[in-house]
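Take a look at the structure set out below.
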Amino acid sequence: MSGTNQNYLTHPKGIMSWLLTLDHKRIGLMYLFGGLFFFFIGGLLALGMRYALATPEADFVTNDQYNSMYTLHGAIMIFLFIIPAIPGALGNILLPLMLGAKDVAFPRLNLASFYLYTIGAIFFIYVMISGGVDTGWTFYTPYSTESHTNVMGTTMGVFIIGFSSILTGLNFIATVHKMRTPGLTWYKLPLFVWALYGTSLVQITATPVIAITMVLLMLERLLGIGIFDPALGGDPVLFQHFFWFYSHPAVYIMILPAFGIISEIIPVHSRKKVWGYKFIAYSTLSIAFIGFLVWGHHMFTSGQSVLSQIIFSFITYFVGIPTGVKIFSWMLTMYRGQVSFTPPMLYALSFLFLFTIGGLTGIFLGAVALDIHLHDTYFVVAHFHYVMQGGTIVAFLGGLHHWWPKSFGKMYNQTIANICAIGVFIGFNGTFFPQFLLGLRGMPRRYATYDALGSEELVAQYAATHGSSTFFSGILGLSIFIGVMNLLWSLRKSNKLDPGTNPWGALTMEWTHTTSPPHPHNFEEEPVLEHGPYDYDKVIVQPTLKK
Amino acid sequence: MSHDKSSPDHLYHHFYDVDQQYETSKLGMWAFILTEVLTFGGLFVAYTIYRAWHPDMFFNANLLLDVNKGLINTIVLIASSLTMALAIWAIQLNKRKLSLLMLFITFLCALGFLGIKYVEYEHKFHLGQLPGEYYSYMGPEVVQQIHDQEKIDSYIASNNIFFDKETNRLYTMNNPHIFFSIYFIMTGLHGLHVAIGMGLIAWLMVLTARGRLHAGYYTHMEAVGIFWHLVDLIWIFLFPLFYLIG
């Protein structure tokens, strides 16, 4: 059969066969490289800011440039990398494979969603060229209606990328419901699918609200509709409500897929059946739901009533329950398993550590009294990065290492990958743990300089802490860069795996039923389900890594 | 589900059979409808908040809208929903010509709706009942005697209006410009949906005329039908909320 040698990377050939492809795996790869490009840009901006903050004075960038840097760093990382990266890249490549389907439900819509992402990205590039934007990624009114920087371009970009996100979510929901291979019931789905499903539900219900909010903001700037403008009888706080009604659930759009990746990596690399399958599956859905009820905790200082503060604070703590259920389930999965310290597993382990710190400091910020003290300080910055970078990006890197041999049929140098994973862990903690201390001592976020913030002694303290944070951010940046380069270096021609390789000995369908890299139509024959995704107690499968 | 079934040419390669394809498309459409509801949901929230804050302003400003035109539009749109449903019913029975006729009537209703909306908008633009800072309507008496400065001053004094010298514009303390902001955004977004719906219905007419849609395959029409009923339903909420507050 001639089909045995075909794979989706080389068949069909030609640039147009990529640009017009309807193959979910190719679209996923295009998302992956788009996302990595913006990860690089956003990372450079972050390192630039860390460099500027190493000394108290302004000596590297002007204040305006600094404002632009943190705004673009936030907006690019969130809208162009974190939100699309896991669902758009890994989700697209893996979802149909995990379901035993030939493609996602709506392949053309999938391609359209990638091009919407591209158009949004072009808007962001245009903003960067035209002098940046200085509102912060939150676009709070009334400043965002008055700022002379390119707010229009940025909001337009966010608006368009929002639609890309909605279409991906819609596509995945229809795919999970209707495209499963016969016999693959809901409780036999890999947990990554559950995570993508929960994410998609949030994407299609929360994203339209940010879309309409961006429209209102643009109209406010163009026509002065007055809805957010107090001079015209409007209310700027309403913008915050609208914004966080999306952007809090958006945090779960970013973290839920990461939970899914961890739920895949840990059982495979511990050779043990996942503990509490249904607990993990349902905790995903309950996080997705509770996420809609807590947006007010971003606004404790914006003048909402004490009653709503207490209610929002109370509901916020509920998020901790399903999240705790997940963390404990993963730990119990590893308990008495054969844990191997492969690169994906190292990332998963650092995820557990970093995300737990991120989650626990979230409890600090969820308490009204403490939040009013910590609001707008580096404590918030540190908490957010522990959740988003320590959580989502570390999980993304773990997932990338886990499924890299599946996607490309190539294995990277595992020693270098392990060193980078440890480098990320050390660099990350060194960068962001000091920021908790900075925040507790009152250092406000978004300041370009801090030489005039207080006594000489205090400034010296700030400078020392910022300095060490900057030093470790270099290690962090370098580790991620080398880690990704190590992956890309594996793509060289001489380096090929046997198509039947199952390097980690996984039991999910993308490993057991198709080749690496997969056939253009995913499966050469209709896949027949023989076992559950984590049946390590019933099926003996050995990791096969042959050159 | 099996591959033995002869696969018709409207079956995409990644589905097992026509039923799966139909069910999937329908589910996708419903998910999209949910998205639409949330999009308008944000605006309904804005409406609710400002109406709760300024009930008098909403009442007074609502008197400036033309209830008759709104009512006609409501009837036109409900009728178009009926003809849309009939078009689907007809295609299910393979009555292509009847289906085509029903689609055409639906299209005309949509056109009529937008025509009436245009007349309404045009009138408001003319009077200066515009959103936000472009709002300049001062009430019927003042408009007639615009040259009489004293009259304007007394009107301003008695109606809680203030004059912003910087922007050279009149604002009333009751913020009817906010009412009109919300009115124009909500009806405008709805009007955009009607226009998109017209494009989709025209596309359905082409497909039906070419014989691409028939009793065995009418997914496109079913999906557009769901969308069109949503457009109708949103108007059913907009009409009383803007025109019938009194």
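Every chain in the structure tokens has a letter given in the order shown (A, B, ...), and although residue numbers restart at 1 in each chain, ligands are simply numbered from 1 in the order shown.
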Which chain A residues are at most 7 Å from chain B (counting only C-alpha atoms), as an mmCIF file with all heavy atoms, in the first residue's frame?
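To be explicit, this is the file written out as iface22.cif:
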data_model
loop_
_atom_site.group_PDB
_atom_site.id
_atom_site.type_symbol
_atom_site.label_atom_id
_atom_site.label_comp_id
_atom_site.auth_asym_id
_atom_site.auth_seq_id
_atom_site.Cartn_x
_atom_site.Cartn_y
_atom_site.Cartn_z
ATOM 1 N N LYS A 102 -11.550 12.140 11.286
ATOM 2 C CA LYS A 102 -10.689 12.485 10.158
ATOM 3 C C LYS A 102 -10.312 13.951 10.179
ATOM 4 O O LYS A 102 -9.323 14.366 9.587
ATOM 5 C CB LYS A 102 -11.400 12.163 8.838
ATOM 6 C CG LYS A 102 -11.506 10.677 8.600
ATOM 7 C CD LYS A 102 -12.164 10.416 7.249
ATOM 8 C CE LYS A 102 -12.746 9.026 7.183
ATOM 9 N NZ LYS A 102 -13.994 8.995 6.432
ATOM 10 N N ASP A 103 -11.142 14.770 10.786
ATOM 11 C CA ASP A 103 -10.835 16.203 10.850
ATOM 12 C C ASP A 103 -11.747 16.830 11.901
ATOM 13 O O ASP A 103 -12.576 16.140 12.487
ATOM 14 C CB ASP A 103 -11.058 16.871 9.476
ATOM 15 C CG ASP A 103 -10.145 18.085 9.296
ATOM 16 O OD1 ASP A 103 -9.969 18.833 10.278
ATOM 17 O OD2 ASP A 103 -9.602 18.274 8.205
ATOM 18 N N ALA A 105 -14.929 19.363 12.950
ATOM 19 C CA ALA A 105 -16.255 19.364 12.345
ATOM 20 C C ALA A 105 -16.317 20.299 11.135
ATOM 21 O O ALA A 105 -16.925 19.963 10.117
ATOM 22 C CB ALA A 105 -17.304 19.763 13.377
ATOM 23 N N LEU A 170 -16.269 27.129 18.801
ATOM 24 C CA LEU A 170 -17.482 26.572 18.192
ATOM 25 C C LEU A 170 -17.158 25.269 17.459
ATOM 26 O O LEU A 170 -17.851 24.263 17.593
ATOM 27 C CB LEU A 170 -17.996 27.638 17.226
ATOM 28 C CG LEU A 170 -19.376 27.560 16.618
ATOM 29 C CD1 LEU A 170 -19.779 28.964 16.227
ATOM 30 C CD2 LEU A 170 -19.392 26.682 15.416
ATOM 31 N N ASN A 171 -16.076 25.306 16.705
ATOM 32 C CA ASN A 171 -15.643 24.146 15.945
ATOM 33 C C ASN A 171 -15.338 22.967 16.868
ATOM 34 O O ASN A 171 -15.759 21.829 16.614
ATOM 35 C CB ASN A 171 -14.365 24.554 15.201
ATOM 36 C CG ASN A 171 -14.263 23.899 13.854
ATOM 37 O OD1 ASN A 171 -14.872 22.863 13.615
ATOM 38 N ND2 ASN A 171 -13.501 24.487 12.973
ATOM 39 N N ALA A 174 -18.571 21.358 18.409
ATOM 40 C CA ALA A 174 -19.245 20.470 17.458
ATOM 41 C C ALA A 174 -18.419 19.210 17.235
ATOM 42 O O ALA A 174 -18.969 18.108 17.114
ATOM 43 C CB ALA A 174 -19.484 21.202 16.140
ATOM 44 N N LYS A 178 -19.911 15.502 18.045
ATOM 45 C CA LYS A 178 -20.411 14.727 16.905
ATOM 46 C C LYS A 178 -19.368 13.909 16.156
ATOM 47 O O LYS A 178 -19.725 13.098 15.315
ATOM 48 C CB LYS A 178 -21.077 15.693 15.902
ATOM 49 C CG LYS A 178 -22.243 16.466 16.471
ATOM 50 C CD LYS A 178 -23.416 15.559 16.733
ATOM 51 C CE LYS A 178 -24.572 16.360 17.296
ATOM 52 N NZ LYS A 178 -25.661 15.502 17.779
ATOM 53 N N ILE A 204 -16.893 30.482 23.540
ATOM 54 C CA ILE A 204 -18.049 30.966 22.770
ATOM 55 C C ILE A 204 -18.989 31.798 23.622
ATOM 56 O O ILE A 204 -19.807 32.527 23.082
ATOM 57 C CB ILE A 204 -18.829 29.834 22.063
ATOM 58 C CG1 ILE A 204 -19.508 28.917 23.066
ATOM 59 C CG2 ILE A 204 -17.944 29.052 21.130
ATOM 60 C CD1 ILE A 204 -20.607 28.114 22.414
ATOM 61 N N THR A 205 -18.922 31.694 24.949
ATOM 62 C CA THR A 205 -19.856 32.490 25.746
ATOM 63 C C THR A 205 -19.232 33.782 26.267
ATOM 64 O O THR A 205 -19.941 34.770 26.429
ATOM 65 C CB THR A 205 -20.400 31.670 26.929
ATOM 66 O OG1 THR A 205 -19.323 30.963 27.518
ATOM 67 C CG2 THR A 205 -21.439 30.687 26.481
ATOM 68 N N PRO A 208 -17.774 36.882 22.967
ATOM 69 C CA PRO A 208 -18.629 37.906 22.347
ATOM 70 C C PRO A 208 -18.769 39.161 23.195
ATOM 71 O O PRO A 208 -18.955 40.254 22.644
ATOM 72 C CB PRO A 208 -19.977 37.196 22.181
ATOM 73 C CG PRO A 208 -19.849 35.859 22.748
ATOM 74 C CD PRO A 208 -18.433 35.568 22.989
ATOM 75 N N VAL A 209 -18.660 39.014 24.513
ATOM 76 C CA VAL A 209 -18.817 40.189 25.368
ATOM 77 C C VAL A 209 -17.629 41.139 25.200
ATOM 78 O O VAL A 209 -17.793 42.352 25.128
ATOM 79 C CB VAL A 209 -19.015 39.776 26.840
ATOM 80 C CG1 VAL A 209 -19.145 40.991 27.723
ATOM 81 C CG2 VAL A 209 -20.239 38.900 26.974
ATOM 82 N N ILE A 212 -18.072 42.993 21.836
ATOM 83 C CA ILE A 212 -18.992 44.133 21.828
ATOM 84 C C ILE A 212 -18.413 45.268 22.677
ATOM 85 O O ILE A 212 -18.611 46.455 22.365
ATOM 86 C CB ILE A 212 -20.401 43.696 22.301
ATOM 87 C CG1 ILE A 212 -21.447 44.708 21.849
ATOM 88 C CG2 ILE A 212 -20.499 43.522 23.788
ATOM 89 C CD1 ILE A 212 -21.658 44.737 20.370
ATOM 90 N N LEU A 223 -17.143 58.398 17.943
ATOM 91 C CA LEU A 223 -18.370 59.184 17.931
ATOM 92 C C LEU A 223 -18.683 59.823 19.278
ATOM 93 O O LEU A 223 -19.636 60.592 19.376
ATOM 94 C CB LEU A 223 -19.564 58.296 17.541
ATOM 95 C CG LEU A 223 -19.490 57.617 16.180
ATOM 96 C CD1 LEU A 223 -20.659 56.663 16.019
ATOM 97 C CD2 LEU A 223 -19.521 58.658 15.070
ATOM 98 N N GLY A 224 -17.917 59.496 20.304
ATOM 99 C CA GLY A 224 -18.251 60.020 21.621
ATOM 100 C C GLY A 224 -19.642 59.625 22.061
ATOM 101 O O GLY A 224 -20.454 60.466 22.442
ATOM 102 N N ILE A 225 -19.962 58.310 22.027
ATOM 103 C CA ILE A 225 -21.310 57.876 22.390
ATOM 104 C C ILE A 225 -21.622 58.108 23.861
ATOM 105 O O ILE A 225 -22.777 58.119 24.244
ATOM 106 C CB ILE A 225 -21.543 56.389 22.051
ATOM 107 C CG1 ILE A 225 -20.426 55.541 22.644
ATOM 108 C CG2 ILE A 225 -21.657 56.187 20.566
ATOM 109 C CD1 ILE A 225 -20.677 54.060 22.553
ATOM 110 N N GLY A 226 -20.595 58.282 24.672
ATOM 111 C CA GLY A 226 -20.838 58.695 26.055
ATOM 112 C C GLY A 226 -21.157 57.590 27.033
ATOM 113 O O GLY A 226 -21.396 57.859 28.199
ATOM 114 N N ILE A 227 -21.155 56.319 26.590
ATOM 115 C CA ILE A 227 -21.546 55.260 27.512
ATOM 116 C C ILE A 227 -20.501 55.079 28.607
ATOM 117 O O ILE A 227 -20.825 54.776 29.752
ATOM 118 C CB ILE A 227 -21.786 53.951 26.729
ATOM 119 C CG1 ILE A 227 -23.107 54.089 25.983
ATOM 120 C CG2 ILE A 227 -21.831 52.747 27.658
ATOM 121 C CD1 ILE A 227 -23.545 52.889 25.241
ATOM 122 N N GLY A 233 -22.267 61.742 30.996
ATOM 123 C CA GLY A 233 -23.244 61.009 31.793
ATOM 124 C C GLY A 233 -23.035 59.512 31.781
ATOM 125 O O GLY A 233 -23.850 58.754 32.284
#
Point to revise | Within 12 Å of Pro240 (chain B) using only C-alpha atoms, minus same-chain residues under 2 positions, as number ranges by chain | key: B: 62, 65, 67, 70-71, 74, 233-238, 242-246
Could you write out that same residue set with C-alpha atoms as a PDB file, in the first residue's frame?
ATOM      1  CA  ASN B  62     -38.760  57.053  24.019  1.00  0.00           C
ATOM      2  CA  LEU B  65     -39.405  57.374  18.567  1.00  0.00           C
ATOM      3  CA  VAL B  67     -44.137  53.693  17.453  1.00  0.00           C
ATOM      4  CA  GLY B  70     -41.582  50.242  14.891  1.00  0.00           C
ATOM      5  CA  LEU B  71     -44.824  48.291  14.917  1.00  0.00           C
ATOM      6  CA  THR B  74     -42.206  44.142  13.954  1.00  0.00           C
ATOM      7  CA  LEU B 233     -36.342  37.338  18.140  1.00  0.00           C
ATOM      8  CA  ILE B 234     -33.856  40.078  19.003  1.00  0.00           C
ATOM      9  CA  TRP B 235     -36.110  42.632  17.381  1.00  0.00           C
ATOM     10  CA  ILE B 236     -39.052  41.287  19.406  1.00  0.00           C
ATOM     11  CA  PHE B 237     -37.076  42.364  22.480  1.00  0.00           C
ATOM     12  CA  LEU B 238     -35.781  45.623  21.020  1.00  0.00           C
ATOM     13  CA  PHE B 242     -37.203  51.161  22.980  1.00  0.00           C
ATOM     14  CA  TYR B 243     -40.618  52.053  21.582  1.00  0.00           C
ATOM     15  CA  LEU B 244     -43.087  50.985  24.256  1.00  0.00           C
ATOM     16  CA  ILE B 245     -41.580  52.147  27.533  1.00  0.00           C
ATOM     17  CA  GLY B 246     -44.407  54.545  28.324  1.00  0.00           C
TER      18      GLY B 246
END
Review point. Can you tell me, as number ranges by chain, what residues are no more than 8 Å from Gly120 (chain A) when counting only C-alpha atoms, ignoring any on the same chain fewer than 5 positions away?
Key: A: 156-161
**Study point:** Residue neighbourhood Leu204 (chain B), 12 Å, only C-alpha atoms, exclusion window fewer than 3 positions, as a PyMOL selection string
**Key:** chain B and resi 84+87-88+91+96+99-104+106-107+197-201+207-214+218-225
Got time to write the residues from that selection, N, CA and C atoms, as a tab-separated table (two decimals), in the first residue's frame?
chain	number	residue	atom	x	y	z
B	84	MET	N	-39.78	32.25	6.09
B	84	MET	CA	-38.53	31.49	6.18
B	84	MET	C	-38.82	30.05	6.58
B	87	ALA	N	-40.34	28.24	3.78
B	87	ALA	CA	-39.36	27.87	2.75
B	87	ALA	C	-38.69	26.55	3.11
B	88	ILE	N	-38.37	26.38	4.39
B	88	ILE	CA	-37.75	25.12	4.82
B	88	ILE	C	-38.73	23.96	4.67
B	91	ILE	N	-38.95	22.99	1.05
B	91	ILE	CA	-37.80	22.24	0.51
B	91	ILE	C	-37.79	20.82	1.07
B	96	ARG	N	-39.51	22.92	-4.86
B	96	ARG	CA	-38.44	23.90	-5.01
B	96	ARG	C	-38.94	25.28	-5.34
B	99	SER	N	-40.47	26.95	-2.38
B	99	SER	CA	-39.41	27.33	-1.45
B	99	SER	C	-38.72	28.60	-1.92
B	100	LEU	N	-38.47	28.65	-3.23
B	100	LEU	CA	-37.82	29.82	-3.81
B	100	LEU	C	-38.68	31.07	-3.61
B	101	LEU	N	-39.99	30.91	-3.82
B	101	LEU	CA	-40.91	32.03	-3.65
B	101	LEU	C	-40.88	32.52	-2.21
B	102	MET	N	-40.93	31.58	-1.27
B	102	MET	CA	-40.93	31.95	0.15
B	102	MET	C	-39.63	32.68	0.52
B	103	LEU	N	-38.52	32.18	-0.02
B	103	LEU	CA	-37.25	32.86	0.25
B	103	LEU	C	-37.29	34.28	-0.30
B	104	PHE	N	-37.87	34.43	-1.47
B	104	PHE	CA	-37.93	35.74	-2.08
B	104	PHE	C	-38.76	36.70	-1.23
B	106	THR	N	-39.25	36.46	1.96
B	106	THR	CA	-38.43	36.75	3.15
B	106	THR	C	-37.43	37.86	2.85
B	107	PHE	N	-36.81	37.74	1.69
B	107	PHE	CA	-35.82	38.74	1.28
B	107	PHE	C	-36.47	40.11	1.17
B	197	GLY	N	-28.25	38.74	6.94
B	197	GLY	CA	-29.28	37.74	6.66
B	197	GLY	C	-29.76	37.82	5.22
B	198	MET	N	-29.91	39.06	4.71
B	198	MET	CA	-30.35	39.21	3.32
B	198	MET	C	-29.34	38.58	2.37
B	199	GLY	N	-28.06	38.81	2.64
B	199	GLY	CA	-27.02	38.19	1.82
B	199	GLY	C	-27.14	36.67	1.85
B	200	LEU	N	-27.37	36.13	3.06
B	200	LEU	CA	-27.46	34.67	3.19
B	200	LEU	C	-28.69	34.13	2.45
B	201	ILE	N	-29.81	34.88	2.56
B	201	ILE	CA	-31.03	34.42	1.89
B	201	ILE	C	-30.84	34.46	0.37
B	207	LEU	N	-28.63	28.80	-4.48
B	207	LEU	CA	-28.44	27.35	-4.29
B	207	LEU	C	-29.70	26.58	-4.65
B	208	THR	N	-30.86	27.12	-4.22
B	208	THR	CA	-32.12	26.43	-4.49
B	208	THR	C	-32.41	26.43	-5.99
B	209	ALA	N	-32.20	27.59	-6.63
B	209	ALA	CA	-32.49	27.68	-8.06
B	209	ALA	C	-31.61	26.72	-8.85
B	210	ARG	N	-30.38	26.54	-8.38
B	210	ARG	CA	-29.47	25.62	-9.09
B	210	ARG	C	-29.73	24.16	-8.75
B	211	GLY	N	-30.68	23.93	-7.85
B	211	GLY	CA	-31.02	22.55	-7.50
B	211	GLY	C	-30.04	21.90	-6.54
B	212	ARG	N	-29.21	22.72	-5.90
B	212	ARG	CA	-28.25	22.14	-4.95
B	212	ARG	C	-28.96	21.71	-3.65
B	213	LEU	N	-30.06	22.40	-3.32
B	213	LEU	CA	-30.79	22.04	-2.10
B	213	LEU	C	-32.04	21.26	-2.48
B	214	HIS	N	-32.31	20.20	-1.75
B	214	HIS	CA	-33.50	19.39	-2.02
B	214	HIS	C	-33.85	18.66	-0.73
B	218	TYR	N	-30.73	19.95	2.89
B	218	TYR	CA	-31.13	21.36	2.97
B	218	TYR	C	-30.49	22.02	4.20
B	219	THR	N	-29.31	21.52	4.59
B	219	THR	CA	-28.63	22.00	5.80
B	219	THR	C	-28.43	23.51	5.78
B	220	HIS	N	-28.01	24.03	4.63
B	220	HIS	CA	-27.76	25.47	4.55
B	220	HIS	C	-29.01	26.26	4.94
B	221	MET	N	-30.15	25.79	4.40
B	221	MET	CA	-31.37	26.55	4.64
B	221	MET	C	-31.80	26.45	6.10
B	222	GLU	N	-31.64	25.28	6.66
B	222	GLU	CA	-31.96	25.10	8.07
B	222	GLU	C	-31.10	26.05	8.93
B	223	ALA	N	-29.82	26.12	8.62
B	223	ALA	CA	-28.91	26.94	9.43
B	223	ALA	C	-29.25	28.42	9.29
B	224	VAL	N	-29.47	28.88	8.06
B	224	VAL	CA	-29.83	30.29	7.87
B	224	VAL	C	-31.17	30.57	8.54
B	225	GLY	N	-32.07	29.58	8.49
B	225	GLY	CA	-33.36	29.74	9.14
B	225	GLY	C	-33.20	30.00	10.64
Check your understanding: Quick one: distance from CA of Gly153 (chain A) to CA of Val215 (chain A) in Å, one decimal?
Key ->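 If I compute the distance from CA of Gly153 (chain A) to CA of Val215 (chain A), I get 12.0 Å.
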Run DSSP on the backbone and give me the residues of chain B it puts in strand (DSSP E or B), as a short mmCIF file (atom, residue, chain, number, x, y, z; two decimals) with C-alpha atoms, in the first residue's frame.
data_model
loop_
_atom_site.label_atom_id
_atom_site.label_comp_id
_atom_site.auth_asym_id
_atom_site.auth_seq_id
_atom_site.Cartn_x
_atom_site.Cartn_y
_atom_site.Cartn_z
CA ILE B 161 -30.11 71.66 29.61
CA PHE B 162 -26.58 72.92 29.79
CA PHE B 163 -24.44 74.37 27.09
CA ASP B 164 -20.86 73.18 26.77
CA ARG B 169 -22.90 71.65 22.07
CA LEU B 170 -26.05 71.37 24.12
CA TYR B 171 -26.54 68.59 26.61
CA THR B 172 -29.56 67.90 28.67
CA HIS B 214 -33.50 19.39 -2.02
CA TYR B 217 -29.99 17.98 1.70
#
